[in-house]
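Data from start_35.pdb: PDB, C-alpha atoms, pLDDT in the B column
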ATOM      1  CA  MET A   1      16.121  -2.958  18.964  1.00 92.00           C
ATOM      2  CA  ILE A   2      13.734  -0.556  17.280  1.00 96.00           C
ATOM      3  CA  LYS A   3      14.483   1.331  14.059  1.00 97.00           C
ATOM      4  CA  GLN A   4      12.201   3.696  12.206  1.00 98.00           C
ATOM      5  CA  LYS A   5      12.462   5.264   8.773  1.00 97.00           C
ATOM      6  CA  GLU A   6      10.176   7.326   6.565  1.00 98.00           C
ATOM      7  CA  ILE A   7      10.043   6.014   3.005  1.00 98.00           C
ATOM      8  CA  ILE A   8       8.831   8.335   0.265  1.00 98.00           C
ATOM      9  CA  LEU A   9       7.403   6.664  -2.813  1.00 98.00           C
ATOM     10  CA  ARG A  10       7.228   8.601  -6.064  1.00 96.00           C
ATOM     11  CA  GLY A  11       3.715   9.279  -7.343  1.00 97.00           C
ATOM     12  CA  LYS A  12       2.026   6.386  -9.082  1.00 97.00           C
ATOM     13  CA  LYS A  13      -1.072   6.382 -11.239  1.00 96.00           C
ATOM     14  CA  ARG A  14      -4.342   5.096  -9.844  1.00 97.00           C
ATOM     15  CA  GLY A  15      -4.250   1.346  -9.306  1.00 98.00           C
ATOM     16  CA  PHE A  16      -2.698  -1.461  -7.287  1.00 98.00           C
ATOM     17  CA  HIS A  17       1.109  -1.346  -7.472  1.00 98.00           C
ATOM     18  CA  LEU A  18       3.621  -3.986  -6.374  1.00 98.00           C
ATOM     19  CA  ILE A  19       6.169  -2.074  -4.251  1.00 98.00           C
ATOM     20  CA  THR A  20       7.998  -4.859  -2.395  1.00 98.00           C
ATOM     21  CA  ASP A  21      11.397  -4.192  -3.963  1.00 98.00           C
ATOM     22  CA  GLU A  22      11.003  -0.424  -3.602  1.00 97.00           C
ATOM     23  CA  ILE A  23      10.314  -0.842   0.130  1.00 98.00           C
ATOM     24  CA  ILE A  24      13.088  -3.388   0.752  1.00 98.00           C
ATOM     25  CA  SER A  25      15.667  -1.234  -1.041  1.00 97.00           C
ATOM     26  CA  GLN A  26      15.027   1.625   1.386  1.00 97.00           C
ATOM     27  CA  LEU A  27      15.071  -0.364   4.634  1.00 98.00           C
ATOM     28  CA  PRO A  28      18.062  -0.435   6.980  1.00 95.00           C
ATOM     29  CA  GLU A  29      19.628  -3.800   7.781  1.00 95.00           C
ATOM     30  CA  LEU A  30      16.992  -6.126   9.176  1.00 98.00           C
ATOM     31  CA  PRO A  31      17.464  -7.982  12.477  1.00 98.00           C
ATOM     32  CA  GLU A  32      17.778 -11.762  12.682  1.00 98.00           C
ATOM     33  CA  TYR A  33      14.147 -12.016  13.883  1.00 98.00           C
ATOM     34  CA  GLY A  34      11.450  -9.440  14.368  1.00 98.00           C
ATOM     35  CA  LEU A  35       8.660  -7.506  12.683  1.00 98.00           C
ATOM     36  CA  LEU A  36       8.370  -4.868   9.994  1.00 98.00           C
ATOM     37  CA  HIS A  37       5.391  -2.574  10.416  1.00 98.00           C
ATOM     38  CA  LEU A  38       4.486  -0.295   7.496  1.00 99.00           C
ATOM     39  CA  PHE A  39       2.057   2.624   7.960  1.00 99.00           C
ATOM     40  CA  ILE A  40       0.946   4.904   5.135  1.00 98.00           C
ATOM     41  CA  LYS A  41       0.384   8.532   6.140  1.00 98.00           C
ATOM     42  CA  HIS A  42      -2.526   9.162   3.761  1.00 98.00           C
ATOM     43  CA  THR A  43      -6.316   8.742   3.702  1.00 97.00           C
ATOM     44  CA  SER A  44      -6.675   8.175  -0.038  1.00 97.00           C
ATOM     45  CA  ALA A  45      -4.251   5.259  -0.444  1.00 98.00           C
ATOM     46  CA  ALA A  46      -3.688   1.972   1.389  1.00 98.00           C
ATOM     47  CA  LEU A  47      -1.243  -0.900   1.904  1.00 98.00           C
ATOM     48  CA  THR A  48      -1.940  -4.597   1.579  1.00 98.00           C
ATOM     49  CA  ILE A  49      -0.279  -7.914   0.771  1.00 98.00           C
ATOM     50  CA  ASN A  50      -1.417  -9.929  -2.226  1.00 98.00           C
ATOM     51  CA  GLU A  51      -0.348 -11.836  -5.372  1.00 97.00           C
ATOM     52  CA  ASN A  52       3.102 -10.836  -6.630  1.00 97.00           C
ATOM     53  CA  ALA A  53       3.382 -12.815  -9.867  1.00 95.00           C
ATOM     54  CA  ASP A  54       0.399 -12.241 -12.147  1.00 96.00           C
ATOM     55  CA  PRO A  55      -0.300  -8.541 -12.877  1.00 95.00           C
ATOM     56  CA  ASP A  56      -3.892  -9.480 -13.768  1.00 97.00           C
ATOM     57  CA  VAL A  57      -4.587  -9.690 -10.025  1.00 98.00           C
ATOM     58  CA  ARG A  58      -3.708  -6.010  -9.590  1.00 97.00           C
ATOM     59  CA  TYR A  59      -5.877  -5.083 -12.580  1.00 97.00           C
ATOM     60  CA  ASP A  60      -8.787  -7.157 -11.237  1.00 98.00           C
ATOM     61  CA  MET A  61      -8.446  -5.646  -7.750  1.00 98.00           C
ATOM     62  CA  GLU A  62      -8.721  -2.172  -9.258  1.00 97.00           C
ATOM     63  CA  ASN A  63     -11.862  -3.172 -11.172  1.00 98.00           C
ATOM     64  CA  ILE A  64     -13.447  -4.822  -8.132  1.00 98.00           C
ATOM     65  CA  PHE A  65     -12.948  -1.763  -5.940  1.00 98.00           C
ATOM     66  CA  ASN A  66     -14.139   0.640  -8.654  1.00 97.00           C
ATOM     67  CA  LYS A  67     -17.362  -1.353  -9.043  1.00 98.00           C
ATOM     68  CA  MET A  68     -17.941  -1.616  -5.273  1.00 97.00           C
ATOM     69  CA  ILE A  69     -17.201   2.072  -4.648  1.00 98.00           C
ATOM     70  CA  PRO A  70     -17.797   4.131  -7.801  1.00 97.00           C
ATOM     71  CA  ASP A  71     -16.482   7.629  -8.430  1.00 97.00           C
ATOM     72  CA  GLY A  72     -18.907  10.546  -8.310  1.00 94.00           C
ATOM     73  CA  ALA A  73     -21.904   8.749  -6.825  1.00 95.00           C
ATOM     74  CA  ALA A  74     -24.843  11.104  -6.234  1.00 94.00           C
ATOM     75  CA  TYR A  75     -25.079  10.125  -2.561  1.00 95.00           C
ATOM     76  CA  TYR A  76     -21.584  11.472  -1.663  1.00 96.00           C
ATOM     77  CA  THR A  77     -21.562  14.746   0.234  1.00 95.00           C
ATOM     78  CA  HIS A  78     -17.762  15.071   0.512  1.00 94.00           C
ATOM     79  CA  ARG A  79     -16.758  16.393  -2.925  1.00 89.00           C
ATOM     80  CA  LEU A  80     -14.112  18.961  -1.981  1.00 88.00           C
ATOM     81  CA  GLU A  81     -11.238  17.460  -3.995  1.00 91.00           C
ATOM     82  CA  GLY A  82     -13.045  15.880  -6.935  1.00 93.00           C
ATOM     83  CA  LYS A  83     -15.121  12.858  -7.880  1.00 95.00           C
ATOM     84  CA  ASP A  84     -12.386  10.381  -6.864  1.00 96.00           C
ATOM     85  CA  ASP A  85     -11.821  11.852  -3.375  1.00 95.00           C
ATOM     86  CA  MET A  86     -14.629  10.327  -1.283  1.00 97.00           C
ATOM     87  CA  PRO A  87     -14.303   6.918  -2.965  1.00 97.00           C
ATOM     88  CA  ALA A  88     -10.558   7.035  -2.195  1.00 97.00           C
ATOM     89  CA  HIS A  89     -11.289   7.557   1.508  1.00 97.00           C
ATOM     90  CA  ALA A  90     -13.787   4.676   1.570  1.00 98.00           C
ATOM     91  CA  LYS A  91     -11.430   2.305  -0.261  1.00 98.00           C
ATOM     92  CA  SER A  92      -8.564   3.253   2.053  1.00 98.00           C
ATOM     93  CA  THR A  93     -10.723   2.461   5.078  1.00 98.00           C
ATOM     94  CA  MET A  94     -11.690  -0.941   3.642  1.00 98.00           C
ATOM     95  CA  ILE A  95      -8.098  -2.043   2.945  1.00 98.00           C
ATOM     96  CA  GLY A  96      -6.289  -0.248   5.752  1.00 98.00           C
ATOM     97  CA  ALA A  97      -3.345   2.014   6.452  1.00 98.00           C
ATOM     98  CA  SER A  98      -0.859  -0.556   7.745  1.00 98.00           C
ATOM     99  CA  ILE A  99       0.576  -4.041   7.417  1.00 98.00           C
ATOM    100  CA  THR A 100       2.960  -6.093   9.567  1.00 98.00           C
ATOM    101  CA  ILE A 101       5.382  -8.655   8.160  1.00 98.00           C
ATOM    102  CA  PRO A 102       7.542 -11.097  10.160  1.00 98.00           C
ATOM    103  CA  ILE A 103      11.321 -10.951   9.751  1.00 98.00           C
ATOM    104  CA  THR A 104      13.217 -14.255   9.789  1.00 98.00           C
ATOM    105  CA  ASN A 105      16.951 -14.642   9.094  1.00 98.00           C
ATOM    106  CA  ARG A 106      17.201 -10.927   8.197  1.00 98.00           C
ATOM    107  CA  ARG A 107      14.576 -11.253   5.429  1.00 98.00           C
ATOM    108  CA  LEU A 108      10.876 -10.492   5.150  1.00 98.00           C
ATOM    109  CA  ASN A 109       9.109 -13.786   5.779  1.00 98.00           C
ATOM    110  CA  MET A 110       6.359 -13.678   3.158  1.00 98.00           C
ATOM    111  CA  GLY A 111       4.960 -16.478   1.055  1.00 97.00           C
ATOM    112  CA  VAL A 112       6.393 -17.186  -2.380  1.00 96.00           C
ATOM    113  CA  TRP A 113       3.462 -15.481  -4.116  1.00 97.00           C
ATOM    114  CA  GLN A 114       3.065 -12.548  -1.711  1.00 98.00           C
ATOM    115  CA  GLY A 115       4.076  -8.971  -2.342  1.00 98.00           C
ATOM    116  CA  ILE A 116       3.475  -5.554  -0.802  1.00 98.00           C
ATOM    117  CA  TYR A 117       0.955  -3.397  -2.668  1.00 98.00           C
ATOM    118  CA  LEU A 118       0.466   0.331  -2.689  1.00 98.00           C
ATOM    119  CA  CYS A 119      -3.230   0.807  -3.403  1.00 98.00           C
ATOM    120  CA  GLU A 120      -3.484   4.232  -5.042  1.00 98.00           C
ATOM    121  CA  PHE A 121      -7.058   5.487  -5.263  1.00 98.00           C
ATOM    122  CA  ARG A 122      -6.612   9.015  -6.651  1.00 97.00           C
ATOM    123  CA  ASP A 123      -6.523   9.894 -10.349  1.00 95.00           C
ATOM    124  CA  TYR A 124      -3.560  12.254 -10.068  1.00 92.00           C
ATOM    125  CA  PRO A 125      -0.223  10.820  -8.843  1.00 88.00           C
ATOM    126  CA  SER A 126       1.378  12.279  -5.750  1.00 94.00           C
ATOM    127  CA  SER A 127       4.212  11.042  -3.571  1.00 97.00           C
ATOM    128  CA  ARG A 128       3.235   8.784  -0.685  1.00 98.00           C
ATOM    129  CA  HIS A 129       4.918   8.655   2.720  1.00 98.00           C
ATOM    130  CA  ILE A 130       5.258   5.358   4.560  1.00 98.00           C
ATOM    131  CA  ILE A 131       6.653   4.925   8.076  1.00 98.00           C
ATOM    132  CA  ALA A 132       8.644   1.697   8.410  1.00 98.00           C
ATOM    133  CA  THR A 133       9.148   0.515  11.997  1.00 98.00           C
ATOM    134  CA  ILE A 134      11.436  -2.448  12.546  1.00 98.00           C
ATOM    135  CA  THR A 135      11.502  -4.311  15.857  1.00 98.00           C
ATOM    136  CA  GLY A 136      13.586  -7.325  16.685  1.00 97.00           C
ATOM    137  CA  GLU A 137      16.938  -8.671  17.766  1.00 91.00           C
TER     138      GLU A 137
END
Is it possible to give me this structure as structure tokens?
Amino acid sequence: MIKQKEIILRGKKRGFHLITDEIISQLPELPEYGLLHLFIKHTSAALTINENADPDVRYDMENIFNKMIPDGAAYYTHRLEGKDDMPAHAKSTMIGASITIPITNRRLNMGVWQGIYLCEFRDYPSSRHIIATITGE
């Protein structure tokens, strides 16, 4: 069995956002066992799995990435869409456009402290499109 659905997330401000519940609420019924693959259709945002309990982790992740890849650096040549555009592309490449999560007993099989993050790297919120592909039986 293979199911696929496009999930549209409302625009979120720049930062690392816990979206586990938002994703789960839009999924069709999950199989007994299988995999959920999530792919974000953007080059200035990313998906990852990380701490789901302490919001300080999301705040710290934002600070770490902003220090590693600053906005408006003089050495950027791609400046078409503003000072946050090229850094957003670099950050997206570092984290990645997709994640895969096992499904067990019709539930996502993540650790107790794991959650799905939308990593939003642009200053101005815009909706984000995620393709959810479910395989299993």
Restricting to all atoms listed in the file, whichever of A:Thr100, A:Asn50, A:Gln4, A:Asn66 is closest to Pro28 of chain A is A:Gln4
Selected residue, from A:Ile64, A:Leu18, A:Leu108, A:Ala45, that lies nearest to Pro125 of chain A when counting only C-alpha atoms:
A:Ala45
Determine, counting all atoms listed in the file, every residue of protein, DNA or RNA that lies within 8 Å of (6.9, 10.4, 3.1) in the file coordinates, then give the result as a ChimeraX atom specification.
/A:6-9,41,127-131
Taking only C-alpha atoms into account, name the residue in A:Val57, A:Ile101, A:Ala88, A:Leu47 that is nearest to Gly72 of chain A.
A:Ala88
If you apply the PyMOL selection byres ((chain A and resi 90-98) around 9) to this file, what residues do you get, as a PyMOL selection string?
chain A and resi 37-48+65-66+69+85-89+99-100+119-121
The PyMOL selection byres ((chain A and resi 24) around 12) resolved against shown file, as a ChimeraX atom specification:
/A:5,7,18-23,25-30,36,38,101,103,106-108,115-116,132,134
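Using only C-alpha atoms, the nearest neighbour of Thr135 of chain A within the list A:Tyr33, A:Gly111, A:Ala73, A:Thr104 is A:Tyr33.
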Nearest residue to Gly15 of chain A out of A:Tyr117, A:Ser126, A:Leu80, A:Asp71, using all atoms listed in the file?
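Residue with the minimum atom-to-atom distance to Gly15 of chain A: A:Tyr117.
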What separation in Å, quoted to one decimal, exists between atom CA of Glu32 of chain A and atom CA of Ala53 of chain A?
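Atom CA of Ala53 of chain A lies 26.8 Å from atom CA of Glu32 of chain A.
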Identify which of the residues A:Leu35, A:Asn105, A:Phe16, A:Val112 lies closest to Pro55 of chain A, counting only C-alpha atoms when measuring atom-to-atom distances.
A:Phe16
